[in-house]
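In what follows, a single structure is set out as structure tokens and then discussed.
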Amino acid sequence: MFSAKHRPQSFLSKNLNCRFARSLLWFFLIVILVGASTIYISLYLSLRDKDSVGIVDSLTDSVVVALDQFGVPTITAGSRLDGYRALGYMTARDRMFQMDLLRRRGSGRLAEIFGEFMISVDTEQRVLGFESVAREVVERLPINQREVLEAYAEGVNSAIDGMIVAPFEFLLLGYRPERWRIEDSLLVVLSMFQEQSNSEEGERMLSVMEQALPAEVYKFLTPMTDQYTQAVLGEGKFSADDYPVPIEPLITLLKQTRLLEKQTNIIQPYRMRAASNAWAVAGSKTRDGRAILANDMHTTISVPNLWYRCHLKIGDIEVAGVNLPGTPLIIAGSSRHLAWGMTALVADVLDLIKLEINPENHDEYLTSEGWKPFKVRHEIIQVKGGSQHELDVKTTVWGPVALKPLLNQSVAIRWTALDPISINIGLIDIYEVETLEEGIAIINDTGGPPLNAILADHTGRVGWTTMGRIPLRLGFDGTASRSWSDGSVDWVGYISPQQLPRVIDPSEGFVVNANNRSMDQNYPFTVGHAFSNGYRAYRITERLHEMDLINENEMFQLQLDTQVGVYEFYRDVALSVLNANLLSKRPELLEMRNYLEQWDGYANDNSQGLAMLIQFRMALAKDLLEPIFHSCRILDKKFEYDWAHIDIPLQALLREKNLALLLNQDQLRYSDWDTFLLTVLEQTEQKLMNKHSAQSLAELTWSKVNIADYVHPLSQGVPGAASFLNLSRDSLPGCDFCIRVNDESFGATERLIISPGQWQDGILHIPGGQSGHPLSEHYKDQYRYWVNGQSIPFVSESYRRYLSLMPAVRYHNDQ
């Protein structure tokens with residue numbers, strides 16, 4: 001108790017403290033409100049949705065842009081170049097930060113805006129030297145392509161000039177976008193090239209395996225095809241049933257191998273490979289004789305979405321589809337005469353060249369012409385905050401020297417992306433052609449990432465071919481690294497456009513590609529090695545054989561197909577172990593058997609069993625295959641095995657059930673294969689339930705496991721911004737081997753169904769929306785359609801508002 005004389009002072013102090021606390025609280029609330037208001041006002045001022053007029057200095061005449069309910073622009077221009085100026089303006093207006101990131105990634109300039117943690121990424125890009133490649137490409141481009149890039153850049157720069165307040169990302173990071181150069185569009189192309197075709201890691205993997213493993217084991221672990229691909233191409237039966245297991249070399253290898261520690265991560269779990277689907281049905285398969293194209297391209301999904309929807313009316317030209325922001329290219333779409341869609345080709349267009357260094361002068365390397373000095377390119381990486389990071393990049397006659405050695409030897413990178421001859425924007429010419437043959441010729445002559453192209457024309461015809469330069473190799477096949485020093489190993493040019501593979505008007509009435517091998521075994525040139533698993537192509541082909549009188553909606557429903565037969569084998573393996581004899585001894589395992597038996601063969605929201613089968617497959621791969629790679633890890637501490645046809649050797653081992661192999665791999669812990677398989681099943685069950693905090697397996701429907709996590713690149717750096725910037729975390733039907741490819745960060749970045757000349761029945765949607773601005777009504781407005789598998793019209797003739805783009809002189813005269 002305080003004495004009486006202390007009470008007044010105590011009371012006064014208490015009141016003063018309360019008043020001060022309240023004042024301080026109000027002060028902080030006002031600061032927060034002012035700060036929030038400032039942020040909101042800045043955000044609002046950078047929003048361009050309500051603009052009715054835009055100034056594009058270089059326009060020769062006014063351009064009308066009509067915007068539909070999703071903010072998709074229909075651009076009507078009197079001239080070709082004005083149309084591309086308007087496209088550049090509209091794309092920059094909606095996606096400027098995305099465009100800036102793409103060019104910065106290509107040129108290695110991310111540390112300028114993000115800081116030191118991006119130096120390693122920038123360093124890798126500076127070694128490649130895309131900036132100098134882009135400059136050389138510009139010098140080589142045909143005049144018509146250069147004019148288009150210049151017009152596009154003029155439109156982008158007019159949008160930048162018209163920004164009263166820069167988009168919010170620039171405000172947060174504290175910089176304004178630099179003016180757009182024509183080289184920047186090529187840097188965007190090169191960024192996509194890198195995304196689609198950088199096979200450096202694959203060659204590193206095979207080079208290590210070739211040196212570390214017996215030849216029979218190396219061949220066993222690297223099958224070049226699978227049963228689904230064989231079936232699609234009609235090349236005869238191929239399966240793990242007929243696949244020989246090199247038992248004695250494996251036993252010898254495993255005896256020499258000390259047991260690996262668990263969780264070595266040589267085999268990566270559930271990793272998505274390149275994935276896209278495209279097919280076209282000819283008039284003989286449709287209700288009214290029209291050809292119909294379907295394309296859903298798959299990449300990492302982020303916010304905003306990779307593609308930008310657009311519709312161009314330029315004189316006599318009319319084209320619509322999805323545009324790659326930062327370029328004038330409509331990668332997938334349709335004119336009134338021809339439709340086209342793309343998938344990754346999975347071609348081998350990169351080689352790592354072993355360098356023989358002069359022991360008396362380490363600044364020289366050996367070529368067929370003798371010792372040559374390395375050239376050195378000095379790079380300076382600007383870092384946010386004012387510091388710099390400098391590096392010297394060594395280059396050879398073949399390409400730059402890679403940052404990482406291979407098997408303790410320096411290697412140079414020879415890659416079509418680094419050859420200016422291999423890059424152009426010739427795809428723009430496809431907008432104007434009328435026949436299938438003309439379209440195929442343009443695709444074949446277009447430089448850029450190696451892609452499959454599926455085409456359909458307005459007369460009911462369909463075809464498949466490839467895009468991009470494919471090297472002709474001398475003295476080797478490109479799978480593993482070689483020295484080129486004596487001239488016996490080299491590239492001797494590229495497959496000519498006329499000799500690229502193609503299929504036109506097939507008798508079955510359709511063409512299909514889902515990243516699988518589409519050239520048959522008689523094709524005379526090597527395009528690639530391990531193309532993607534053929535199951536998706538097999539399933540599409542199977543369904544198209546069954547279908548007749550097809551329309552656009554049926555094609556759309558096929559894009560949403562979730563059957564996944566790849567896991568049937570692993571379900572059968574599991575159920576063979578969980579048999580009646582075992583259940584009589586261990587009745588608690590009945591829940592596991594019921595869970596697996598209830599799998600319906602699909603990856604739908606309510607599918608049971610699939611979550612466990614996926615993890616069971618990967619656990620088997622790790623337990624059975626990882627010990628084989630111990631000698632690879634000795635040579636390369638970061639070695640990983642990532643092979644498209646991993647199921648062939650894995651299933652062969654599971655069918656062989658050779659006890660000697662199993663015993664050597666697991667220190668004699670298992671008396672038989674059933675004991676081993678049951679152990680793996682139980683461990684898989686426990687890990688799965690722990691991960692998802694489940695009380696029973698029945699809770700683990702596919703909807704509880706496959707959850708979207710599509711994020712804005714800045715959402716993690718701004719407290720509380722995730723719910724504002726990111727897309728909602730929805731459960732997703734589909735999986736890695738489904739036609740409907742979906743996982744937490746990867747999936748269809750567009751779904752397109754179109755018949756050239758019959759656009760009124762076409763379908764196109766994207767995950768997210770047109771705008772990259774979070775206050776825009778078009779930031780997320782297509783996402784719900786995408787998640788729910790609902791169609792949106794390919795183009796709309798119903799517009800909500802109009803934007804008039806005018807040259808500055810006319811605008812000021814009108815004022």
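By order of appearance in the structure tokens: chains A, B, ..., then residues from 1 within every chain, and ligands from 1 in the order shown.
When the distance limit is 8 Å and only C-alpha atoms are what count, the residues near A:Glu750, minus those fewer than 4 positions from it on the same chain, are Asn295, Asp296, Met297, His298, Trp307, Val322, Leu764, His765, Ile766 and Pro767 of chain A.
Within 9 Å of stretch 229-243 of chain A there are Phe220, Asn516, Arg517, Ser518, Met519, Asp520, Gln521, Asn533, Gly534, Tyr535, Ala537, Tyr538, Thr541, Glu542, Asp647, Ile648, Pro649, Leu650, Gln651, Ala652, Leu653, Arg655 and Glu656 of chain A, counting only C-alpha atoms and ignoring same-chain residues fewer than 6 positions away.
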Written file, previous selection with N, CA, C and O atoms, as a CSV table (one decimal), in the first residue's frame:
chain,number,residue,atom,x,y,z
A,220,PHE,N,20.8,-49.0,-69.1
A,220,PHE,CA,19.6,-49.4,-68.4
A,220,PHE,C,18.9,-48.2,-67.8
A,220,PHE,O,17.6,-48.1,-67.8
A,516,ASN,N,6.0,-35.2,-76.3
A,516,ASN,CA,6.5,-36.5,-76.6
A,516,ASN,C,7.3,-36.4,-78.0
A,516,ASN,O,7.2,-35.5,-78.7
A,517,ARG,N,8.0,-37.5,-78.2
A,517,ARG,CA,8.7,-37.6,-79.5
A,517,ARG,C,7.6,-37.8,-80.6
A,517,ARG,O,6.9,-38.8,-80.6
A,518,SER,N,7.6,-36.9,-81.6
A,518,SER,CA,6.7,-37.0,-82.7
A,518,SER,C,7.3,-37.4,-84.0
A,518,SER,O,6.6,-37.8,-85.0
A,519,MET,N,8.6,-37.3,-84.1
A,519,MET,CA,9.3,-37.8,-85.3
A,519,MET,C,9.6,-39.3,-85.2
A,519,MET,O,10.0,-39.8,-84.1
A,520,ASP,N,9.3,-40.1,-86.2
A,520,ASP,CA,9.4,-41.6,-86.1
A,520,ASP,C,10.9,-42.0,-86.2
A,520,ASP,O,11.8,-41.2,-86.4
A,521,GLN,N,11.2,-43.3,-86.0
A,521,GLN,CA,12.5,-43.8,-85.9
A,521,GLN,C,13.2,-43.7,-87.2
A,521,GLN,O,14.5,-43.9,-87.3
A,533,ASN,N,7.7,-38.1,-71.1
A,533,ASN,CA,6.8,-39.3,-71.1
A,533,ASN,C,5.6,-39.1,-72.0
A,533,ASN,O,5.0,-38.1,-72.0
A,534,GLY,N,5.3,-40.2,-72.7
A,534,GLY,CA,4.3,-40.1,-73.7
A,534,GLY,C,2.9,-40.3,-73.3
A,534,GLY,O,1.9,-40.4,-74.1
A,535,TYR,N,2.6,-40.4,-71.9
A,535,TYR,CA,1.3,-40.7,-71.5
A,535,TYR,C,0.2,-39.7,-71.9
A,535,TYR,O,-0.9,-40.1,-72.4
A,537,ALA,N,0.2,-37.7,-74.5
A,537,ALA,CA,-0.1,-37.8,-75.9
A,537,ALA,C,-0.9,-39.1,-76.2
A,537,ALA,O,-1.8,-39.1,-77.0
A,538,TYR,N,-0.6,-40.2,-75.4
A,538,TYR,CA,-1.3,-41.4,-75.6
A,538,TYR,C,-2.8,-41.3,-75.2
A,538,TYR,O,-3.7,-41.7,-75.9
A,541,THR,N,-4.6,-39.1,-77.8
A,541,THR,CA,-4.8,-39.9,-79.0
A,541,THR,C,-5.9,-41.0,-78.8
A,541,THR,O,-6.7,-41.2,-79.7
A,542,GLU,N,-5.9,-41.6,-77.7
A,542,GLU,CA,-6.9,-42.6,-77.4
A,542,GLU,C,-8.3,-42.0,-77.4
A,542,GLU,O,-9.2,-42.5,-78.0
A,647,ASP,N,10.4,-44.5,-65.2
A,647,ASP,CA,9.5,-45.6,-64.8
A,647,ASP,C,9.9,-46.9,-65.5
A,647,ASP,O,9.6,-48.0,-65.0
A,648,ILE,N,10.6,-46.8,-66.6
A,648,ILE,CA,11.0,-48.0,-67.3
A,648,ILE,C,12.0,-48.8,-66.5
A,648,ILE,O,11.8,-50.0,-66.1
A,649,PRO,N,13.2,-48.3,-66.0
A,649,PRO,CA,14.1,-49.1,-65.2
A,649,PRO,C,13.4,-49.4,-63.8
A,649,PRO,O,13.7,-50.5,-63.2
A,650,LEU,N,12.7,-48.4,-63.2
A,650,LEU,CA,12.1,-48.7,-61.9
A,650,LEU,C,11.1,-49.8,-62.0
A,650,LEU,O,11.2,-50.7,-61.1
A,651,GLN,N,10.2,-49.9,-62.9
A,651,GLN,CA,9.3,-51.0,-63.0
A,651,GLN,C,10.0,-52.3,-63.4
A,651,GLN,O,9.5,-53.4,-63.0
A,652,ALA,N,11.0,-52.2,-64.2
A,652,ALA,CA,11.8,-53.4,-64.5
A,652,ALA,C,12.3,-54.1,-63.2
A,652,ALA,O,12.3,-55.3,-63.0
A,653,LEU,N,12.9,-53.2,-62.3
A,653,LEU,CA,13.4,-53.8,-61.1
A,653,LEU,C,12.3,-54.4,-60.2
A,653,LEU,O,12.5,-55.4,-59.6
A,655,ARG,N,9.5,-55.6,-61.2
A,655,ARG,CA,9.0,-56.9,-61.8
A,655,ARG,C,10.0,-58.0,-61.7
A,655,ARG,O,9.7,-59.2,-61.5
A,656,GLU,N,11.3,-57.7,-61.8
A,656,GLU,CA,12.4,-58.6,-61.6
A,656,GLU,C,12.4,-59.2,-60.2
A,656,GLU,O,12.6,-60.4,-60.0
### Task
Point out the residue among A:Gly326, A:Pro249, A:Gly385, A:Gly487 with the least atom-to-atom distance to A:Val156, counting only C-alpha atoms.
A:Gly326
Near-stretch 448-453 of chain A list (10 Å; only C-alpha atoms; drop same-chain fewer than 6 positions) as an mmCIF file with N, CA, C and O atoms, in the first residue's frame:
data_model
loop_
_atom_site.group_PDB
_atom_site.id
_atom_site.type_symbol
_atom_site.label_atom_id
_atom_site.label_comp_id
_atom_site.auth_asym_id
_atom_site.auth_seq_id
_atom_site.Cartn_x
_atom_site.Cartn_y
_atom_site.Cartn_z
ATOM 1 N N LEU A 186 14.108 -8.707 -77.861
ATOM 2 C CA LEU A 186 14.892 -9.909 -78.132
ATOM 3 C C LEU A 186 15.398 -10.535 -76.831
ATOM 4 O O LEU A 186 15.525 -11.756 -76.735
ATOM 5 N N VAL A 189 12.628 -12.694 -75.752
ATOM 6 C CA VAL A 189 12.648 -13.944 -76.528
ATOM 7 C C VAL A 189 13.720 -14.881 -75.973
ATOM 8 O O VAL A 189 13.497 -16.084 -75.801
ATOM 9 N N LEU A 190 14.904 -14.334 -75.688
ATOM 10 C CA LEU A 190 15.997 -15.157 -75.180
ATOM 11 C C LEU A 190 15.682 -15.707 -73.785
ATOM 12 O O LEU A 190 16.080 -16.825 -73.448
ATOM 13 N N SER A 191 14.971 -14.926 -72.968
ATOM 14 C CA SER A 191 14.550 -15.430 -71.651
ATOM 15 C C SER A 191 13.648 -16.644 -71.804
ATOM 16 O O SER A 191 13.768 -17.630 -71.069
ATOM 17 N N MET A 192 12.723 -16.573 -72.760
ATOM 18 C CA MET A 192 11.840 -17.714 -73.006
ATOM 19 C C MET A 192 12.612 -18.880 -73.609
ATOM 20 O O MET A 192 12.321 -20.049 -73.328
ATOM 21 N N PHE A 193 13.606 -18.578 -74.450
ATOM 22 C CA PHE A 193 14.473 -19.619 -75.004
ATOM 23 C C PHE A 193 15.123 -20.383 -73.852
ATOM 24 O O PHE A 193 15.144 -21.628 -73.829
ATOM 25 N N GLN A 194 15.640 -19.643 -72.880
ATOM 26 C CA GLN A 194 16.294 -20.254 -71.738
ATOM 27 C C GLN A 194 15.316 -21.099 -70.932
ATOM 28 O O GLN A 194 15.661 -22.184 -70.452
ATOM 29 N N GLU A 195 14.085 -20.627 -70.784
ATOM 30 C CA GLU A 195 13.058 -21.355 -70.041
ATOM 31 C C GLU A 195 12.717 -22.680 -70.714
ATOM 32 O O GLU A 195 12.481 -23.694 -70.041
ATOM 33 N N GLN A 196 12.732 -22.703 -72.046
ATOM 34 C CA GLN A 196 12.227 -23.854 -72.787
ATOM 35 C C GLN A 196 13.295 -24.856 -73.198
ATOM 36 O O GLN A 196 12.965 -26.005 -73.458
ATOM 37 N N SER A 197 14.571 -24.447 -73.277
ATOM 38 C CA SER A 197 15.497 -25.365 -73.946
ATOM 39 C C SER A 197 16.891 -25.434 -73.357
ATOM 40 O O SER A 197 17.804 -25.925 -74.014
ATOM 41 N N ASN A 198 17.116 -24.956 -72.146
ATOM 42 C CA ASN A 198 18.451 -25.039 -71.565
ATOM 43 C C ASN A 198 18.691 -26.445 -71.031
ATOM 44 O O ASN A 198 18.216 -26.806 -69.964
ATOM 45 N N SER A 276 3.291 -29.232 -72.237
ATOM 46 C CA SER A 276 2.234 -28.494 -72.935
ATOM 47 C C SER A 276 1.496 -29.504 -73.801
ATOM 48 O O SER A 276 2.036 -30.557 -74.154
ATOM 49 N N ASN A 277 0.263 -29.186 -74.130
ATOM 50 C CA ASN A 277 -0.527 -30.038 -75.013
ATOM 51 C C ASN A 277 -0.960 -29.247 -76.238
ATOM 52 O O ASN A 277 -1.308 -28.069 -76.122
ATOM 53 N N ALA A 278 -0.964 -29.893 -77.383
ATOM 54 C CA ALA A 278 -1.557 -29.289 -78.577
ATOM 55 C C ALA A 278 -2.024 -30.408 -79.491
ATOM 56 O O ALA A 278 -1.338 -31.423 -79.647
ATOM 57 N N TRP A 279 -3.187 -30.220 -80.055
ATOM 58 C CA TRP A 279 -3.675 -31.162 -81.054
ATOM 59 C C TRP A 279 -4.650 -30.432 -81.978
ATOM 60 O O TRP A 279 -5.160 -29.357 -81.634
ATOM 61 N N ASN A 295 -4.885 -25.979 -77.732
ATOM 62 C CA ASN A 295 -3.539 -25.770 -77.214
ATOM 63 C C ASN A 295 -3.633 -25.283 -75.768
ATOM 64 O O ASN A 295 -4.359 -24.334 -75.477
ATOM 65 N N ILE A 331 1.991 -16.072 -79.778
ATOM 66 C CA ILE A 331 2.616 -17.395 -79.736
ATOM 67 C C ILE A 331 1.613 -18.488 -80.092
ATOM 68 O O ILE A 331 1.950 -19.486 -80.742
ATOM 69 N N ALA A 332 0.380 -18.327 -79.660
ATOM 70 C CA ALA A 332 -0.679 -19.278 -80.007
ATOM 71 C C ALA A 332 -1.925 -18.479 -80.327
ATOM 72 O O ALA A 332 -2.299 -17.580 -79.568
ATOM 73 N N TRP A 340 -2.651 -21.757 -84.921
ATOM 74 C CA TRP A 340 -1.406 -22.419 -84.528
ATOM 75 C C TRP A 340 -1.299 -22.463 -83.007
ATOM 76 O O TRP A 340 -1.784 -21.599 -82.290
ATOM 77 N N GLY A 341 -0.655 -23.531 -82.518
ATOM 78 C CA GLY A 341 -0.401 -23.685 -81.091
ATOM 79 C C GLY A 341 0.953 -24.340 -80.889
ATOM 80 O O GLY A 341 1.451 -25.034 -81.784
ATOM 81 N N MET A 342 1.570 -24.128 -79.730
ATOM 82 C CA MET A 342 2.950 -24.552 -79.502
ATOM 83 C C MET A 342 3.080 -25.456 -78.275
ATOM 84 O O MET A 342 2.324 -25.326 -77.303
ATOM 85 N N THR A 343 4.073 -26.336 -78.320
ATOM 86 C CA THR A 343 4.521 -27.093 -77.149
ATOM 87 C C THR A 343 6.044 -27.137 -77.180
ATOM 88 O O THR A 343 6.665 -26.995 -78.229
ATOM 89 N N ALA A 344 6.660 -27.353 -76.022
ATOM 90 C CA ALA A 344 8.121 -27.470 -75.955
ATOM 91 C C ALA A 344 8.574 -28.713 -76.713
ATOM 92 O O ALA A 344 7.997 -29.794 -76.567
ATOM 93 N N LEU A 345 9.618 -28.570 -77.537
ATOM 94 C CA LEU A 345 10.107 -29.677 -78.358
ATOM 95 C C LEU A 345 11.009 -30.621 -77.564
ATOM 96 O O LEU A 345 11.168 -31.786 -77.931
ATOM 97 N N VAL A 346 11.617 -30.160 -76.468
ATOM 98 C CA VAL A 346 12.582 -30.938 -75.673
ATOM 99 C C VAL A 346 13.737 -31.398 -76.563
ATOM 100 O O VAL A 346 14.182 -32.547 -76.497
ATOM 101 N N ALA A 347 14.183 -30.486 -77.412
ATOM 102 C CA ALA A 347 15.297 -30.783 -78.311
ATOM 103 C C ALA A 347 16.624 -30.592 -77.585
ATOM 104 O O ALA A 347 16.707 -29.896 -76.568
ATOM 105 N N ASP A 348 17.681 -31.187 -78.129
ATOM 106 C CA ASP A 348 19.024 -31.005 -77.583
ATOM 107 C C ASP A 348 19.734 -29.975 -78.456
ATOM 108 O O ASP A 348 20.214 -30.293 -79.547
ATOM 109 N N VAL A 349 19.809 -28.743 -77.972
ATOM 110 C CA VAL A 349 20.419 -27.670 -78.746
ATOM 111 C C VAL A 349 21.566 -27.017 -77.974
ATOM 112 O O VAL A 349 21.959 -25.886 -78.269
ATOM 113 N N THR A 416 22.402 -22.926 -79.253
ATOM 114 C CA THR A 416 21.787 -22.183 -80.353
ATOM 115 C C THR A 416 21.277 -20.817 -79.902
ATOM 116 O O THR A 416 21.218 -19.880 -80.697
ATOM 117 N N ALA A 417 20.924 -20.674 -78.622
ATOM 118 C CA ALA A 417 20.454 -19.381 -78.124
ATOM 119 C C ALA A 417 21.543 -18.324 -78.186
ATOM 120 O O ALA A 417 21.240 -17.119 -78.166
ATOM 121 N N PRO A 420 23.447 -15.699 -83.031
ATOM 122 C CA PRO A 420 22.488 -14.724 -83.574
ATOM 123 C C PRO A 420 21.743 -15.222 -84.808
ATOM 124 O O PRO A 420 20.616 -14.785 -85.074
ATOM 125 N N ILE A 421 22.344 -16.148 -85.541
ATOM 126 C CA ILE A 421 21.672 -16.693 -86.721
ATOM 127 C C ILE A 421 20.404 -17.446 -86.326
ATOM 128 O O ILE A 421 19.468 -17.595 -87.122
ATOM 129 N N SER A 422 20.340 -17.916 -85.069
ATOM 130 C CA SER A 422 19.243 -18.775 -84.627
ATOM 131 C C SER A 422 18.046 -18.011 -84.089
ATOM 132 O O SER A 422 17.077 -18.627 -83.648
ATOM 133 N N ILE A 423 18.101 -16.683 -84.089
ATOM 134 C CA ILE A 423 17.043 -15.885 -83.459
ATOM 135 C C ILE A 423 16.430 -14.928 -84.480
ATOM 136 O O ILE A 423 17.141 -14.220 -85.190
ATOM 137 N N ASN A 424 15.105 -14.928 -84.559
ATOM 138 C CA ASN A 424 14.377 -13.917 -85.327
ATOM 139 C C ASN A 424 12.936 -13.881 -84.818
ATOM 140 O O ASN A 424 12.572 -14.635 -83.924
ATOM 141 N N ILE A 425 12.134 -13.006 -85.388
ATOM 142 C CA ILE A 425 10.711 -12.955 -85.016
ATOM 143 C C ILE A 425 9.853 -13.241 -86.251
ATOM 144 O O ILE A 425 8.796 -12.650 -86.442
ATOM 145 N N GLY A 426 10.325 -14.179 -87.061
ATOM 146 C CA GLY A 426 9.625 -14.509 -88.297
ATOM 147 C C GLY A 426 8.209 -15.010 -88.109
ATOM 148 O O GLY A 426 7.425 -15.034 -89.064
ATOM 149 N N LEU A 427 7.853 -15.387 -86.869
ATOM 150 C CA LEU A 427 6.499 -15.875 -86.617
ATOM 151 C C LEU A 427 5.444 -14.828 -86.976
ATOM 152 O O LEU A 427 4.300 -15.191 -87.284
ATOM 153 N N GLY A 439 1.965 -21.751 -93.791
ATOM 154 C CA GLY A 439 2.164 -21.647 -92.356
ATOM 155 C C GLY A 439 3.308 -22.518 -91.876
ATOM 156 O O GLY A 439 4.136 -22.085 -91.050
ATOM 157 N N ILE A 440 3.395 -23.746 -92.374
ATOM 158 C CA ILE A 440 4.480 -24.653 -91.990
ATOM 159 C C ILE A 440 5.829 -24.083 -92.406
ATOM 160 O O ILE A 440 6.808 -24.137 -91.648
ATOM 161 N N GLY A 463 -1.815 -30.085 -89.493
ATOM 162 C CA GLY A 463 -0.432 -30.514 -89.638
ATOM 163 C C GLY A 463 0.365 -30.275 -88.373
ATOM 164 O O GLY A 463 -0.059 -29.557 -87.458
ATOM 165 N N TRP A 464 1.534 -30.910 -88.327
ATOM 166 C CA TRP A 464 2.498 -30.745 -87.226
ATOM 167 C C TRP A 464 3.882 -30.535 -87.814
ATOM 168 O O TRP A 464 4.231 -31.147 -88.831
ATOM 169 N N THR A 465 4.676 -29.664 -87.185
ATOM 170 C CA THR A 465 6.072 -29.489 -87.563
ATOM 171 C C THR A 465 6.817 -28.889 -86.383
ATOM 172 O O THR A 465 6.289 -28.838 -85.265
ATOM 173 N N THR A 466 8.064 -28.452 -86.619
ATOM 174 C CA THR A 466 8.869 -27.892 -85.530
ATOM 175 C C THR A 466 9.417 -26.524 -85.917
ATOM 176 O O THR A 466 9.559 -26.194 -87.089
ATOM 177 N N MET A 467 9.747 -25.748 -84.889
ATOM 178 C CA MET A 467 10.297 -24.409 -85.026
ATOM 179 C C MET A 467 11.642 -24.348 -84.327
ATOM 180 O O MET A 467 11.856 -25.016 -83.317
ATOM 181 N N GLY A 468 12.559 -23.534 -84.833
ATOM 182 C CA GLY A 468 13.852 -23.340 -84.188
ATOM 183 C C GLY A 468 14.951 -24.134 -84.872
ATOM 184 O O GLY A 468 14.704 -25.122 -85.568
ATOM 185 N N ARG A 469 16.171 -23.709 -84.659
ATOM 186 C CA ARG A 469 17.333 -24.338 -85.285
ATOM 187 C C ARG A 469 17.786 -25.562 -84.490
ATOM 188 O O ARG A 469 17.944 -25.495 -83.258
ATOM 189 N N ILE A 470 18.026 -26.676 -85.200
ATOM 190 C CA ILE A 470 18.491 -27.927 -84.593
ATOM 191 C C ILE A 470 19.873 -28.226 -85.148
ATOM 192 O O ILE A 470 20.046 -28.350 -86.368
ATOM 193 N N PRO A 501 11.148 -32.041 -89.460
ATOM 194 C CA PRO A 501 10.077 -33.046 -89.545
ATOM 195 C C PRO A 501 8.714 -32.393 -89.653
ATOM 196 O O PRO A 501 8.488 -31.283 -89.164
ATOM 197 N N ARG A 502 7.782 -33.087 -90.301
ATOM 198 C CA ARG A 502 6.420 -32.566 -90.424
ATOM 199 C C ARG A 502 5.462 -33.698 -90.746
ATOM 200 O O ARG A 502 5.836 -34.729 -91.305
ATOM 201 N N VAL A 512 -1.183 -34.694 -82.889
ATOM 202 C CA VAL A 512 -1.074 -34.513 -81.433
ATOM 203 C C VAL A 512 0.381 -34.326 -81.058
ATOM 204 O O VAL A 512 1.255 -35.018 -81.590
ATOM 205 N N ASN A 513 0.650 -33.401 -80.140
ATOM 206 C CA ASN A 513 1.940 -33.399 -79.456
ATOM 207 C C ASN A 513 1.754 -32.929 -78.019
ATOM 208 O O ASN A 513 1.070 -31.931 -77.772
ATOM 209 N N ALA A 514 2.365 -33.663 -77.095
ATOM 210 C CA ALA A 514 2.353 -33.303 -75.674
ATOM 211 C C ALA A 514 3.771 -33.435 -75.132
ATOM 212 O O ALA A 514 4.001 -34.078 -74.113
ATOM 213 N N ASN A 515 4.736 -32.839 -75.874
ATOM 214 C CA ASN A 515 6.167 -32.874 -75.551
ATOM 215 C C ASN A 515 6.789 -34.249 -75.764
ATOM 216 O O ASN A 515 7.954 -34.464 -75.427
ATOM 217 N N ASN A 516 6.026 -35.175 -76.306
ATOM 218 C CA ASN A 516 6.543 -36.493 -76.638
ATOM 219 C C ASN A 516 7.314 -36.440 -77.958
ATOM 220 O O ASN A 516 7.239 -35.463 -78.703
ATOM 221 N N ARG A 517 8.035 -37.504 -78.244
ATOM 222 C CA ARG A 517 8.695 -37.610 -79.549
ATOM 223 C C ARG A 517 7.640 -37.805 -80.622
ATOM 224 O O ARG A 517 6.857 -38.756 -80.556
ATOM 225 N N SER A 518 7.630 -36.923 -81.630
ATOM 226 C CA SER A 518 6.659 -37.042 -82.721
ATOM 227 C C SER A 518 7.301 -37.436 -84.039
ATOM 228 O O SER A 518 6.588 -37.780 -84.987
ATOM 229 N N VAL A 527 17.178 -35.021 -83.148
ATOM 230 C CA VAL A 527 16.571 -33.782 -82.649
ATOM 231 C C VAL A 527 16.756 -33.677 -81.140
ATOM 232 O O VAL A 527 17.085 -32.616 -80.608
#
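The shortest atom-to-atom distance to A:Asp636, with only C-alpha atoms taken into account, belongs to A:Leu407 out of A:Leu407, A:Ala402, A:Phe70, A:Asn157.
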### Task
Just the residues within 8 Å of stretch 715-729 of chain A, please, counting only C-alpha atoms, with nothing from its chain fewer than 5 positions along; format it as an MDAnalysis selection string.
chainID A and resid 303 707:710 768 774 780 783
Could the residues in this selection be written to a file with N, CA and C atoms, as a compact mmCIF listing (two decimals), in the first residue's frame?
# COMPACT_ATOMS: atom_id res chain seq x y z
N VAL A 303 1.83 -14.34 -60.95
CA VAL A 303 0.91 -13.21 -61.08
C VAL A 303 1.72 -11.99 -61.49
N ILE A 707 -2.92 -28.09 -54.06
CA ILE A 707 -3.43 -26.75 -53.77
C ILE A 707 -2.62 -25.72 -54.54
N ALA A 708 -3.31 -24.83 -55.23
CA ALA A 708 -2.64 -23.77 -55.99
C ALA A 708 -1.90 -22.82 -55.07
N ASP A 709 -0.73 -22.39 -55.50
CA ASP A 709 0.04 -21.38 -54.78
C ASP A 709 0.69 -20.45 -55.81
N TYR A 710 -0.15 -19.63 -56.44
CA TYR A 710 0.29 -18.78 -57.53
C TYR A 710 0.50 -17.36 -57.00
N GLY A 768 -5.71 -15.86 -63.98
CA GLY A 768 -5.42 -14.50 -63.54
C GLY A 768 -6.24 -13.51 -64.33
N PRO A 774 -3.02 -4.53 -59.06
CA PRO A 774 -3.93 -5.19 -58.11
C PRO A 774 -5.25 -4.45 -57.88
N LYS A 780 -7.65 -10.36 -61.59
CA LYS A 780 -7.89 -11.78 -61.30
C LYS A 780 -9.17 -12.31 -61.95
N TYR A 783 -9.49 -15.84 -63.44
CA TYR A 783 -8.95 -16.95 -62.64
C TYR A 783 -10.02 -17.97 -62.26
